[in-house]
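Here is work03.txt, consisting of compact mmCIF, C-alpha atoms and all ligand atoms:
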# COMPACT_ATOMS: atom_id res chain seq x y z
CA MET D 127 -147.06 7.23 186.88
CA THR D 128 -144.56 5.68 184.47
CA SER D 129 -143.69 2.05 185.03
CA LEU D 130 -140.38 0.42 184.19
CA LEU D 131 -139.99 -3.31 183.53
CA VAL D 132 -136.47 -4.53 184.26
CA ARG D 133 -135.97 -7.97 182.75
CA GLY D 134 -133.23 -10.39 181.81
CA ILE D 135 -132.23 -10.66 185.48
CA ALA D 136 -130.27 -13.91 185.83
CA GLU D 137 -130.76 -13.82 189.62
CA LEU D 138 -133.00 -11.49 191.61
CA VAL D 139 -132.41 -11.32 195.35
CA THR D 140 -135.71 -10.30 196.97
CA ASN D 141 -134.89 -11.11 200.62
CA ASP D 142 -138.46 -12.37 200.87
CA PRO D 143 -138.40 -16.03 201.92
CA THR D 144 -141.92 -16.57 200.61
CA LEU D 145 -140.68 -15.97 197.07
CA GLY D 146 -138.56 -17.91 194.58
CA ASP D 147 -136.40 -20.62 196.14
CA ARG D 148 -137.95 -19.93 199.58
CA SER D 149 -134.48 -19.34 201.07
CA PRO D 150 -133.87 -16.23 203.22
CA LEU D 151 -132.68 -14.48 200.03
CA GLY D 152 -135.90 -15.37 198.19
CA LEU D 153 -133.96 -15.98 194.98
CA LEU D 154 -135.72 -15.76 191.63
CA THR D 155 -133.92 -16.83 188.46
CA ASP D 156 -134.63 -15.58 184.93
CA ALA D 157 -136.47 -12.83 186.73
CA ALA D 158 -138.03 -9.44 186.16
CA LEU D 159 -138.94 -6.46 188.30
CA VAL D 160 -141.45 -3.66 187.73
CA VAL D 161 -140.74 -0.27 189.29
CA GLU D 162 -143.41 2.39 189.59
CA GLY D 163 -143.23 5.64 191.52
CA GLY D 164 -139.92 4.67 193.08
CA ARG D 165 -141.35 1.46 194.53
CA VAL D 166 -141.30 -2.16 193.52
CA ALA D 167 -144.65 -2.88 191.89
CA TRP D 168 -144.08 -6.50 190.89
CA VAL D 169 -141.42 -9.24 190.93
CA GLY D 170 -141.52 -12.61 189.19
CA THR D 171 -140.14 -14.57 186.28
CA THR D 172 -139.52 -12.86 182.95
CA THR D 173 -142.12 -15.05 181.24
CA ASP D 174 -144.84 -13.84 183.63
CA ALA D 175 -143.85 -10.18 183.52
CA PRO D 176 -146.66 -7.67 182.93
CA ALA D 177 -146.45 -4.92 180.31
CA ALA D 178 -144.90 -1.60 181.38
CA ASP D 179 -144.31 1.85 179.90
CA ALA D 180 -140.58 1.23 179.49
CA VAL D 181 -138.43 -1.88 179.34
CA GLU D 182 -134.84 -2.35 180.38
CA GLU D 183 -133.01 -5.55 179.41
CA LEU D 184 -130.17 -6.56 181.74
CA GLY D 185 -128.87 -9.45 179.64
CA GLY D 186 -128.27 -11.93 182.44
CA ARG D 187 -127.01 -9.79 185.32
CA ALA D 188 -127.87 -10.19 189.00
CA VAL D 189 -129.97 -7.64 190.90
CA ILE D 190 -129.71 -7.26 194.67
CA PRO D 191 -131.32 -4.90 197.20
CA GLY D 192 -129.03 -1.92 197.75
CA PHE D 193 -126.70 -2.36 200.69
CA VAL D 194 -127.87 -0.88 204.00
CA ASP D 195 -124.68 0.26 205.71
CA SER D 196 -125.88 0.70 209.28
CA HIS D 197 -122.61 1.96 210.81
CA SER D 198 -120.27 4.66 209.55
CA HIS D 199 -118.37 7.68 210.86
CA LEU D 200 -118.16 9.89 207.78
CA VAL D 201 -117.99 13.33 209.38
CA PHE D 202 -114.27 13.78 209.85
CA ALA D 203 -111.23 15.55 208.50
CA GLY D 204 -107.56 14.63 208.32
CA ASP D 205 -105.61 11.57 207.35
CA ARG D 206 -104.36 8.67 209.46
CA SER D 207 -102.62 6.64 206.80
CA ALA D 208 -99.34 6.88 208.72
CA GLU D 209 -101.08 5.28 211.72
CA PHE D 210 -102.28 2.46 209.45
CA ALA D 211 -98.79 1.97 208.04
CA ALA D 212 -97.33 1.86 211.56
CA ARG D 213 -99.93 -0.74 212.50
CA MET D 214 -99.00 -2.90 209.58
CA ALA D 215 -95.41 -2.65 210.82
CA GLY D 216 -96.45 -3.98 214.23
CA THR D 217 -97.90 -1.11 216.30
CA ALA D 218 -101.17 -2.03 218.03
CA TYR D 219 -104.46 -0.20 217.32
CA SER D 220 -105.49 2.18 220.06
CA ALA D 221 -108.72 4.12 220.51
CA GLY D 222 -106.48 7.09 221.36
CA GLY D 223 -106.06 7.71 217.62
CA ILE D 224 -109.61 9.09 217.66
CA ARG D 225 -108.20 12.27 219.25
CA THR D 226 -106.04 12.90 216.16
CA THR D 227 -109.16 13.01 214.02
CA VAL D 228 -110.97 15.14 216.60
CA ALA D 229 -108.32 17.85 216.28
CA ALA D 230 -108.52 17.84 212.47
CA THR D 231 -112.33 17.81 212.48
CA ARG D 232 -112.59 20.75 214.87
CA ALA D 233 -110.25 22.72 212.62
CA ALA D 234 -112.24 22.02 209.43
CA SER D 235 -114.92 24.32 208.07
CA ASP D 236 -118.53 23.22 207.54
CA GLU D 237 -117.90 23.36 203.79
CA GLN D 238 -114.87 21.11 204.05
CA LEU D 239 -116.71 18.58 206.20
CA THR D 240 -119.73 18.60 203.90
CA ALA D 241 -117.58 18.06 200.82
CA HIS D 242 -115.81 15.22 202.58
CA VAL D 243 -119.06 13.47 203.51
CA ALA D 244 -120.37 13.98 199.97
CA LYS D 245 -117.29 12.33 198.52
CA HIS D 246 -117.65 9.32 200.78
CA VAL D 247 -121.38 8.78 200.30
CA ALA D 248 -120.85 8.99 196.53
CA GLU D 249 -118.08 6.42 196.88
CA MET D 250 -120.44 4.19 198.88
CA ARG D 251 -123.17 4.55 196.33
CA ARG D 252 -120.90 3.52 193.46
CA GLN D 253 -120.35 0.31 195.40
CA GLY D 254 -124.05 -0.40 195.84
CA THR D 255 -124.99 1.25 199.13
CA THR D 256 -128.42 2.88 199.03
CA THR D 257 -128.89 3.60 202.76
CA VAL D 258 -126.17 4.78 205.12
CA GLU D 259 -126.13 5.60 208.80
CA ILE D 260 -123.67 8.35 209.77
CA LYS D 261 -122.39 9.08 213.28
CA SER D 262 -120.91 12.18 214.82
CA GLY D 263 -118.12 11.60 217.32
CA TYR D 264 -115.10 13.48 216.02
CA GLY D 265 -116.24 16.88 217.31
CA LEU D 266 -116.70 16.27 221.04
CA THR D 267 -117.72 19.86 221.78
CA VAL D 268 -121.29 21.14 221.77
CA ARG D 269 -120.67 23.09 218.58
CA ASP D 270 -118.72 20.42 216.77
CA GLU D 271 -121.08 17.56 217.59
CA ALA D 272 -124.14 19.61 216.59
CA ARG D 273 -122.61 20.71 213.30
CA SER D 274 -121.35 17.19 212.54
CA LEU D 275 -124.90 15.89 212.87
CA ALA D 276 -126.43 18.76 210.91
CA ILE D 277 -123.98 18.00 208.10
CA ALA D 278 -124.73 14.27 208.25
CA ARG D 279 -128.48 14.99 208.20
CA ALA D 280 -128.16 16.63 204.81
CA PHE D 281 -127.28 13.16 203.50
CA THR D 282 -129.34 10.71 205.56
CA GLU D 283 -132.14 10.39 208.08
CA GLU D 284 -130.08 7.76 209.87
CA THR D 285 -127.87 10.00 212.00
CA THR D 286 -126.36 9.00 215.32
CA PHE D 287 -125.10 11.20 218.14
CA LEU D 288 -121.78 9.76 219.35
CA GLY D 289 -120.58 12.50 221.67
CA ALA D 290 -119.52 9.57 223.88
CA HIS D 291 -116.86 8.36 221.48
CA VAL D 292 -113.87 9.08 223.73
CA VAL D 293 -113.25 11.60 226.50
CA PRO D 294 -111.53 14.52 224.75
CA GLU D 295 -108.15 15.74 225.94
CA GLU D 296 -109.53 18.82 227.69
CA TYR D 297 -111.65 16.57 229.94
CA ALA D 298 -108.94 13.94 230.55
CA ASP D 299 -108.94 14.76 234.26
CA ASP D 300 -112.70 15.03 234.53
CA PRO D 301 -114.43 12.20 232.67
CA ASP D 302 -117.58 12.57 234.77
CA GLY D 303 -117.70 16.23 233.79
CA TYR D 304 -117.54 15.14 230.17
CA VAL D 305 -120.45 12.73 230.67
CA ARG D 306 -122.41 15.64 232.16
CA LEU D 307 -121.59 17.73 229.08
CA VAL D 308 -122.68 14.90 226.75
CA THR D 309 -125.96 14.28 228.59
CA GLY D 310 -126.64 18.00 229.08
CA PRO D 311 -125.84 20.78 226.61
CA MET D 312 -124.31 18.55 223.94
CA LEU D 313 -127.33 16.26 223.76
CA ALA D 314 -129.65 19.28 223.77
CA ALA D 315 -127.85 20.72 220.73
CA ALA D 316 -127.48 17.39 218.94
CA ALA D 317 -130.91 15.85 219.45
CA GLU D 318 -132.76 17.68 216.71
CA HIS D 319 -130.31 16.37 214.11
CA ALA D 320 -130.17 12.77 215.30
CA ARG D 321 -132.33 9.65 215.35
CA TRP D 322 -129.94 7.48 217.37
CA ILE D 323 -127.55 7.83 220.31
CA ASP D 324 -124.45 5.65 220.62
CA VAL D 325 -121.68 5.11 223.17
CA PHE D 326 -118.25 3.52 222.70
CA CYS D 327 -118.46 1.15 225.69
CA GLU D 328 -114.92 -0.14 225.99
CA THR D 329 -111.90 0.07 228.30
CA GLY D 330 -110.31 3.43 227.54
CA ALA D 331 -113.61 4.96 226.41
CA PHE D 332 -116.81 4.70 228.53
CA ASP D 333 -117.78 2.08 231.11
CA ALA D 334 -121.15 0.41 231.48
CA ASP D 335 -122.47 2.87 234.10
CA GLN D 336 -121.54 5.84 231.94
CA ALA D 337 -123.06 4.19 228.89
CA ARG D 338 -126.28 3.49 230.78
CA THR D 339 -126.50 7.12 231.91
CA ILE D 340 -125.86 8.46 228.41
CA LEU D 341 -128.33 6.12 226.70
CA ALA D 342 -131.00 6.98 229.30
CA ALA D 343 -130.50 10.70 228.65
CA GLY D 344 -130.83 10.09 224.92
CA ARG D 345 -133.96 8.05 225.35
CA ALA D 346 -135.48 10.84 227.45
CA VAL D 347 -135.28 13.17 224.44
CA GLY D 348 -136.54 10.59 221.97
CA LEU D 349 -133.32 9.08 220.61
CA SER D 350 -132.97 5.31 220.24
CA GLY D 351 -129.87 3.66 221.63
CA ARG D 352 -127.13 1.63 220.01
CA LEU D 353 -123.70 0.68 221.30
CA HIS D 354 -120.12 0.08 220.19
CA ALA D 355 -119.18 -2.88 222.37
CA ASN D 356 -116.75 -5.77 222.85
CA GLN D 357 -114.51 -4.48 220.06
CA LEU D 358 -111.06 -4.45 221.62
CA GLY D 359 -111.67 -6.99 224.35
CA PRO D 360 -114.36 -8.66 226.47
CA GLY D 361 -116.61 -6.25 228.33
CA PRO D 362 -120.09 -5.45 229.61
CA GLY D 363 -121.40 -3.63 226.52
CA VAL D 364 -123.14 -6.49 224.77
CA GLN D 365 -124.94 -7.53 227.97
CA LEU D 366 -125.99 -3.93 228.55
CA ALA D 367 -127.35 -3.63 225.00
CA CYS D 368 -129.39 -6.79 225.52
CA GLU D 369 -130.64 -5.72 228.93
CA LEU D 370 -131.81 -2.40 227.48
CA GLY D 371 -133.39 -4.14 224.47
CA LEU D 372 -131.38 -2.12 221.97
CA VAL D 373 -132.08 -2.89 218.34
CA ALA D 374 -128.39 -3.47 217.58
CA VAL D 375 -124.99 -3.66 219.20
CA ASP D 376 -121.97 -3.18 217.01
CA HIS D 377 -118.52 -4.86 216.77
CA CYS D 378 -119.18 -7.94 218.98
CA THR D 379 -115.69 -9.26 218.33
CA HIS D 380 -114.93 -10.57 221.84
CA LEU D 381 -117.93 -12.52 223.13
CA ASP D 382 -118.31 -15.16 225.80
CA ASP D 383 -121.11 -17.72 225.85
CA PRO D 384 -123.44 -15.62 228.06
CA ASP D 385 -123.03 -12.72 225.60
CA VAL D 386 -124.08 -14.94 222.71
CA SER D 387 -127.06 -16.31 224.65
CA ALA D 388 -128.12 -12.82 225.69
CA LEU D 389 -128.09 -11.63 222.07
CA GLY D 390 -130.23 -14.58 221.04
CA ASP D 391 -132.66 -14.12 223.93
CA ALA D 392 -132.99 -10.33 223.54
CA GLY D 393 -133.24 -10.36 219.76
CA THR D 394 -130.62 -7.62 219.68
CA ILE D 395 -128.87 -7.64 216.31
CA ALA D 396 -125.10 -8.17 216.30
CA THR D 397 -123.60 -5.84 213.72
CA LEU D 398 -120.21 -7.14 212.65
CA LEU D 399 -117.67 -4.82 211.06
CA PRO D 400 -114.98 -6.89 209.33
CA GLY D 401 -113.25 -3.83 207.89
CA VAL D 402 -112.04 -3.16 211.44
CA GLU D 403 -110.33 -6.50 211.91
CA PHE D 404 -108.86 -6.22 208.41
CA SER D 405 -107.50 -2.73 209.06
CA THR D 406 -106.27 -3.42 212.57
CA ARG D 407 -104.94 -6.89 211.77
CA SER D 408 -107.02 -8.41 214.57
CA PRO D 409 -108.93 -11.67 214.94
CA TYR D 410 -112.33 -11.49 213.21
CA PRO D 411 -115.62 -11.94 215.09
CA ASP D 412 -117.08 -15.44 214.83
CA ALA D 413 -120.22 -14.92 212.80
CA ARG D 414 -120.81 -18.67 212.52
CA ARG D 415 -121.09 -19.01 216.29
CA LEU D 416 -123.65 -16.21 216.39
CA LEU D 417 -125.71 -17.54 213.49
CA ASP D 418 -125.71 -21.05 214.89
CA ALA D 419 -127.04 -19.62 218.17
CA GLY D 420 -129.90 -17.95 216.31
CA VAL D 421 -128.54 -14.39 216.59
CA VAL D 422 -129.46 -11.99 213.79
CA VAL D 423 -126.28 -10.65 212.21
CA ALA D 424 -125.83 -7.45 210.23
CA LEU D 425 -122.70 -6.41 208.35
CA ALA D 426 -121.58 -2.79 208.03
CA SER D 427 -118.46 -0.91 206.94
CA ASP D 428 -117.74 1.21 210.07
CA CYS D 429 -116.13 3.55 207.53
CA ASN D 430 -113.86 5.82 209.61
CA PRO D 431 -110.31 7.12 209.26
CA GLY D 432 -108.86 5.04 212.10
CA SER D 433 -110.01 1.47 212.42
CA SER D 434 -111.69 0.81 209.05
CA TYR D 435 -111.21 3.20 206.18
CA THR D 436 -113.27 1.27 203.67
CA SER D 437 -116.63 2.32 202.26
CA SER D 438 -117.06 -1.01 200.51
CA MET D 439 -119.86 -3.35 201.51
CA PRO D 440 -118.71 -5.88 198.86
CA LEU D 441 -115.35 -6.02 200.68
CA CYS D 442 -117.16 -6.60 203.99
CA ILE D 443 -119.13 -9.45 202.39
CA ALA D 444 -115.98 -11.04 201.01
CA LEU D 445 -114.23 -10.81 204.39
CA ALA D 446 -117.25 -12.16 206.25
CA VAL D 447 -117.36 -15.17 203.95
CA ARG D 448 -113.63 -15.85 203.91
CA GLU D 449 -112.81 -15.03 207.53
CA MET D 450 -115.95 -15.21 209.65
CA GLY D 451 -117.64 -18.44 208.63
CA MET D 452 -120.57 -16.93 206.75
CA THR D 453 -121.92 -18.35 203.53
CA PRO D 454 -122.18 -15.93 200.59
CA ALA D 455 -125.96 -15.96 201.01
CA GLU D 456 -125.79 -15.17 204.73
CA ALA D 457 -123.31 -12.36 204.18
CA LEU D 458 -125.41 -10.74 201.46
CA TRP D 459 -128.53 -10.98 203.62
CA SER D 460 -126.68 -9.39 206.55
CA ALA D 461 -125.40 -6.52 204.36
CA THR D 462 -128.89 -5.74 203.05
CA ARG D 463 -131.82 -6.98 205.12
CA GLY D 464 -129.71 -7.29 208.27
CA GLY D 465 -128.62 -3.67 207.98
CA ALA D 466 -132.21 -2.55 207.42
CA LEU D 467 -133.37 -4.37 210.55
CA ALA D 468 -130.42 -2.95 212.51
CA LEU D 469 -131.76 0.50 211.64
CA ALA D 470 -135.35 -0.54 212.38
CA ARG D 471 -136.25 0.18 208.76
CA ASP D 472 -138.39 -2.82 207.89
CA GLU D 473 -139.29 -1.47 204.43
CA LEU D 474 -135.64 -1.48 203.32
CA GLY D 475 -133.22 -4.22 202.34
CA ARG D 476 -135.73 -6.15 200.28
CA LEU D 477 -137.22 -6.07 196.82
CA THR D 478 -140.86 -7.02 197.22
CA PRO D 479 -144.03 -5.30 196.06
CA GLY D 480 -144.44 -2.04 197.94
CA SER D 481 -140.85 -1.70 199.10
CA PRO D 482 -138.71 1.20 197.89
CA ALA D 483 -136.93 0.27 194.64
CA HIS D 484 -133.40 0.61 196.00
CA TYR D 485 -131.28 -1.85 194.08
CA ALA D 486 -127.88 -2.55 192.60
CA VAL D 487 -127.11 -4.33 189.34
CA LEU D 488 -124.08 -6.63 189.33
CA ASP D 489 -122.02 -7.42 186.28
CA ALA D 490 -122.25 -11.07 187.27
CA PRO D 491 -124.82 -13.85 186.87
CA SER D 492 -125.24 -14.37 190.62
CA SER D 493 -124.73 -12.56 193.90
CA VAL D 494 -122.23 -15.22 194.97
CA HIS D 495 -119.74 -13.33 192.81
CA LEU D 496 -119.58 -10.60 195.47
CA ALA D 497 -117.46 -12.94 197.59
CA TYR D 498 -116.15 -15.12 194.77
CA ARG D 499 -114.57 -12.14 192.98
CA PRO D 500 -113.21 -10.02 195.86
CA GLY D 501 -111.94 -6.59 194.97
CA VAL D 502 -113.64 -6.56 191.56
CA PRO D 503 -116.01 -3.61 190.98
CA LEU D 504 -119.07 -5.68 190.07
CA VAL D 505 -121.70 -3.00 190.83
CA VAL D 506 -122.53 -1.42 187.48
CA ASP D 507 -125.73 0.44 188.29
CA VAL D 508 -127.47 1.68 191.44
CA ARG D 509 -131.11 2.85 191.50
CA GLY D 510 -133.03 4.57 194.26
CA GLY D 511 -131.72 5.33 197.70
CA SER D 512 -132.48 6.75 201.11
CA TYR D 513 -129.85 9.41 200.93
CA SER D 514 -128.82 12.18 198.66
CA PRO D 515 -125.45 11.34 197.09
CA THR D 516 -124.41 14.93 196.38
O1 LIG D 601 -116.00 2.09 215.35
N1 LIG D 601 -114.74 2.06 218.11
C1 LIG D 601 -114.76 3.25 218.10
N2 LIG D 601 -114.79 4.05 217.04
C2 LIG D 601 -114.35 3.70 215.74
C3 LIG D 601 -112.89 3.92 215.57
C4 LIG D 601 -112.59 5.31 215.38
C5 LIG D 601 -111.16 5.69 215.12
O2 LIG D 601 -110.20 4.93 215.35
O3 LIG D 601 -111.05 6.83 214.66
C6 LIG D 601 -114.79 2.29 215.40
O4 LIG D 601 -113.98 1.40 215.17
FE FE D 602 -117.76 2.62 214.74
As structure tokens - that is how I would like this structure written.
Ligand code: NIG
Ligand code: FE
Amino acid sequence: MTSLLVRGIAELVTNDPTLGDRSPLGLLTDAALVVEGGRVAWVGTTTDAPAADAVEELGGRAVIPGFVDSHSHLVFAGDRSAEFAARMAGTAYSAGGIRTTVAATRAASDEQLTAHVAKHVAEMRRQGTTTVEIKSGYGLTVRDEARSLAIARAFTEETTFLGAHVVPEEYADDPDGYVRLVTGPMLAAAAEHARWIDVFCETGAFDADQARTILAAGRAVGLSGRLHANQLGPGPGVQLACELGLVAVDHCTHLDDPDVSALGDAGTIATLLPGVEFSTRSPYPDARRLLDAGVVVALASDCNPGSSYTSSMPLCIALAVREMGMTPAEALWSATRGGALALARDELGRLTPGSPAHYAVLDAPSSVHLAYRPGVPLVVDVRGGSYSPT
């Protein structure tokens, strides 16, 4: 097996608090990394670096674990830029826009959807993402949900069945019938392509009882639950996620004190999605409040055509720092290690001996530049990854 020594790393983020500066980021300066067989074989300072078959000199750049984007909706067709423009002119965001994308997605061919996902995962990768979760949820028929997940599966193991995104138009008068479809034939067709099951638990989508029923049906066929909750207003979703011991609950924008305590007590990760508040011009979630209460926070893009059409984890980091009370170090941790934990993938989101060598090189001397230089394409190289970019 050929080994590669990467040296001249001004700052190496290991996310191992036993290393380097002993902070959660486990920062090493003037560092080096040895990669062998796609895994990290060694990390340390350049002066201590062992010999290797090949050497790469980075000349003072920073190296971070690749971003783990634990929440995206990439299987879709159509364009909702007019809806965004209307929003910026004062129209409020509504979950009803999802139905626009459902119509376009149903009308698209498998080839069109696949090409569209490929374009977006390549875009993510260029910005440093090495693991991405992809949800269905714009098909909302047995056929369209199953094919959405089969298409997503060609790109990542982290696929999520979101048949319970909204009640589609044809079931508007029979929401319970739609829940029966989701928990019956749709789940049966989707399950083989999915690892996770998700529900949009929100006024105008699915209530707590429906969410409970859908998550239980998913669990019965081996899928792990996650939830979209407390995005547009207060609601029962976060409490439900904690009660069920879900690994993560996503959005968490509108929380009361019992919600925050429940997250801390349950150890359920709060995945915050600042692209949504940016793109819907809404108040951001209070990450500081969560962190101060001991809640584990992840950051993800929620890349979708309606509420957050960004694939950029660096943008999410910059927003989290500027608008949500996170430090640059906390935001980077949440976008890497936090995302890995939110997907229950303990081996990811860190650069320590034995972990997969998924990393991004920044054209900057430290990772702080991700927030300090917002909008600047600092990622100059990406190595390794859990998904196929083409
Ligand atoms: O995560 N919250 C529900 N679903 C998406 C929005 C989808 C859309 O507007 O198309 C979200 O924000
Ligand atoms: Fe989402």
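Taking atom CA of D:Arg251 and atom CA of D:Val508 as endpoints, the distance between them is 7.1 Å.
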- Query: So which residues touch D:Thr257 within 6 Å, counting only C-alpha atoms, skipping near sequence neighbours fewer than 2 positions away, as a ChimeraX atom specification?
  - Reply: /D:194,255,512
Contact check, chain D to ligand FE 602 (chain D), at most 12 Å, counting all atoms listed in the file, closest pairs as a Markdown table:
| residue | atom | partner | partner_atom | distance |
| --- | --- | --- | --- | --- |
| D:Asp195 | CA | D:FE602 | FE | 11.6 |
| D:Ser196 | CA | D:FE602 | FE | 10.0 |
| D:His197 | CA | D:FE602 | FE | 6.3 |
| D:Ser198 | CA | D:FE602 | FE | 6.1 |
| D:His199 | CA | D:FE602 | FE | 6.4 |
| D:Leu200 | CA | D:FE602 | FE | 10.1 |
| D:Val201 | CA | D:FE602 | FE | 12.0 |
| D:Ala221 | CA | D:FE602 | FE | 10.8 |
| D:Ile224 | CA | D:FE602 | FE | 10.8 |
| D:Glu259 | CA | D:FE602 | FE | 10.7 |
| D:Ile260 | CA | D:FE602 | FE | 9.6 |
| D:Lys261 | CA | D:FE602 | FE | 8.1 |
| D:Ser262 | CA | D:FE602 | FE | 10.1 |
| D:Gly263 | CA | D:FE602 | FE | 9.4 |
| D:Tyr264 | CA | D:FE602 | FE | 11.3 |
| D:Thr286 | CA | D:FE602 | FE | 10.7 |
| D:Phe287 | CA | D:FE602 | FE | 11.8 |
| D:Leu288 | CA | D:FE602 | FE | 9.4 |
| D:Ala290 | CA | D:FE602 | FE | 11.6 |
| D:His291 | CA | D:FE602 | FE | 8.9 |
| D:Val292 | CA | D:FE602 | FE | 11.7 |
| D:Asp324 | CA | D:FE602 | FE | 9.4 |
| D:Val325 | CA | D:FE602 | FE | 9.6 |
| D:Phe326 | CA | D:FE602 | FE | 8.0 |
| D:Cys327 | CA | D:FE602 | FE | 11.1 |
| D:Glu328 | CA | D:FE602 | FE | 11.9 |
| D:Arg352 | CA | D:FE602 | FE | 10.8 |
| D:Leu353 | CA | D:FE602 | FE | 9.1 |
| D:His354 | CA | D:FE602 | FE | 6.5 |
| D:Ala355 | CA | D:FE602 | FE | 9.5 |
| D:Asn356 | CA | D:FE602 | FE | 11.7 |
| D:Gln357 | CA | D:FE602 | FE | 9.4 |
| D:Leu358 | CA | D:FE602 | FE | 11.9 |
| D:Val375 | CA | D:FE602 | FE | 10.6 |
| D:Asp376 | CA | D:FE602 | FE | 7.5 |
| D:His377 | CA | D:FE602 | FE | 7.8 |
| D:Cys378 | CA | D:FE602 | FE | 11.5 |
| D:Thr397 | CA | D:FE602 | FE | 10.3 |
| D:Leu398 | CA | D:FE602 | FE | 10.3 |
| D:Leu399 | CA | D:FE602 | FE | 8.3 |
| D:Pro400 | CA | D:FE602 | FE | 11.3 |
| D:Gly401 | CA | D:FE602 | FE | 10.4 |
| D:Val402 | CA | D:FE602 | FE | 8.8 |
| D:Ala426 | CA | D:FE602 | FE | 9.4 |
| D:Ser427 | CA | D:FE602 | FE | 8.6 |
| D:Asp428 | CA | D:FE602 | FE | 4.9 |
| D:Cys429 | CA | D:FE602 | FE | 7.5 |
| D:Asn430 | CA | D:FE602 | FE | 7.2 |
| D:Pro431 | CA | D:FE602 | FE | 10.3 |
| D:Gly432 | CA | D:FE602 | FE | 9.6 |
| D:Ser433 | CA | D:FE602 | FE | 8.2 |
| D:Ser434 | CA | D:FE602 | FE | 8.5 |
| D:Tyr435 | CA | D:FE602 | FE | 10.8 |
- Message: Need the shell around D:Asp412: protein/DNA/RNA residues with any atom at most 6 Å away, counting only C-alpha atoms. Skip same-chain ones fewer than 2 positions apart. Format as a ChimeraX atom specification?
- Response: /D:414-415,450
- Among the residues D:Arg133, D:Arg213, D:Arg206, D:Arg165, the one that comes closest to ligand LIG 601 (chain D) [using all atoms listed in the file]: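 Closest to ligand LIG 601 (chain D) of all the choices is D:Arg206.
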- Task: One decimal, Å: what's the distance from atom CA of D:Met439 over to atom CA of D:Ala188, could you say?
- Result: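 Straight-line distance from atom CA of D:Met439 to atom CA of D:Ala188 works out to 16.4 Å.
Interatomic distance, atom CA of D:Ser481 against atom CA of D:Gly186: 23.2 Å.
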- Message: When you count only C-alpha atoms, which of these residues is closest to D:Gly216: D:His319, D:Arg407, D:Arg338, D:His484?
- Response: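 Selected residue with least distance to D:Gly216: D:Arg407.
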- Query: So, counting all atoms listed in the file, which residue among D:Gln365, D:Asp302, D:Val189, D:Leu153 is closest to D:Ala490?
  - Reply: D:Val189
If we count only C-alpha atoms, what is near D:Leu458 at a cut-off of 12 Å, once residues fewer than 4 positions away on the same chain are taken out, given as a CSV table (one decimal) with C-alpha atoms, keeping the file's coordinate frame?
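Below you can see out.csv, which holds the result:
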chain,number,residue,atom,x,y,z
D,139,VAL,CA,-132.4,-11.3,195.4
D,140,THR,CA,-135.7,-10.3,197.0
D,141,ASN,CA,-134.9,-11.1,200.6
D,150,PRO,CA,-133.9,-16.2,203.2
D,151,LEU,CA,-132.7,-14.5,200.0
D,152,GLY,CA,-135.9,-15.4,198.2
D,153,LEU,CA,-134.0,-16.0,195.0
D,189,VAL,CA,-130.0,-7.6,190.9
D,190,ILE,CA,-129.7,-7.3,194.7
D,191,PRO,CA,-131.3,-4.9,197.2
D,192,GLY,CA,-129.0,-1.9,197.8
D,193,PHE,CA,-126.7,-2.4,200.7
D,194,VAL,CA,-127.9,-0.9,204.0
D,195,ASP,CA,-124.7,0.3,205.7
D,254,GLY,CA,-124.0,-0.4,195.8
D,423,VAL,CA,-126.3,-10.6,212.2
D,424,ALA,CA,-125.8,-7.4,210.2
D,425,LEU,CA,-122.7,-6.4,208.4
D,426,ALA,CA,-121.6,-2.8,208.0
D,439,MET,CA,-119.9,-3.4,201.5
D,440,PRO,CA,-118.7,-5.9,198.9
D,441,LEU,CA,-115.4,-6.0,200.7
D,442,CYS,CA,-117.2,-6.6,204.0
D,443,ILE,CA,-119.1,-9.4,202.4
D,444,ALA,CA,-116.0,-11.0,201.0
D,445,LEU,CA,-114.2,-10.8,204.4
D,446,ALA,CA,-117.2,-12.2,206.2
D,447,VAL,CA,-117.4,-15.2,204.0
D,452,MET,CA,-120.6,-16.9,206.8
D,453,THR,CA,-121.9,-18.4,203.5
D,454,PRO,CA,-122.2,-15.9,200.6
D,462,THR,CA,-128.9,-5.7,203.0
D,463,ARG,CA,-131.8,-7.0,205.1
D,464,GLY,CA,-129.7,-7.3,208.3
D,465,GLY,CA,-128.6,-3.7,208.0
D,475,GLY,CA,-133.2,-4.2,202.3
D,476,ARG,CA,-135.7,-6.2,200.3
D,492,SER,CA,-125.2,-14.4,190.6
D,493,SER,CA,-124.7,-12.6,193.9
D,494,VAL,CA,-122.2,-15.2,195.0
D,495,HIS,CA,-119.7,-13.3,192.8
D,496,LEU,CA,-119.6,-10.6,195.5
D,497,ALA,CA,-117.5,-12.9,197.6
- Of the listed residues D:Ser350, D:Gly501, D:Pro409, D:Arg448, that which approaches D:Ala470 most closely, counting all atoms listed in the file: D:Ser350
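Of the listed residues (D:Asp391, D:Ala229, D:Val386, D:Ser437), D:Val386 comes nearest to D:Leu417; the distances count all atoms listed in the file.
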- Message: For a quick check of understanding, using only C-alpha atoms, which of D:Asp335, D:Glu295, D:Glu283, D:Glu249 has the smallest distance to D:Gly223?
- Response: D:Glu295
- Exercise: D:Leu184 partners within 7 Å, only C-alpha atoms, chain neighbours under 3 positions left out, as an NGL selection string: :D and (133-135 or 187)
- At a cut-off of 8 Å from (-140.4, -11.9, 188.5) in the coordinates of the file, what residues are picked up using only C-alpha atoms, written as a PyMOL selection string? chain D and resi 154+156-159+168-172+174-175
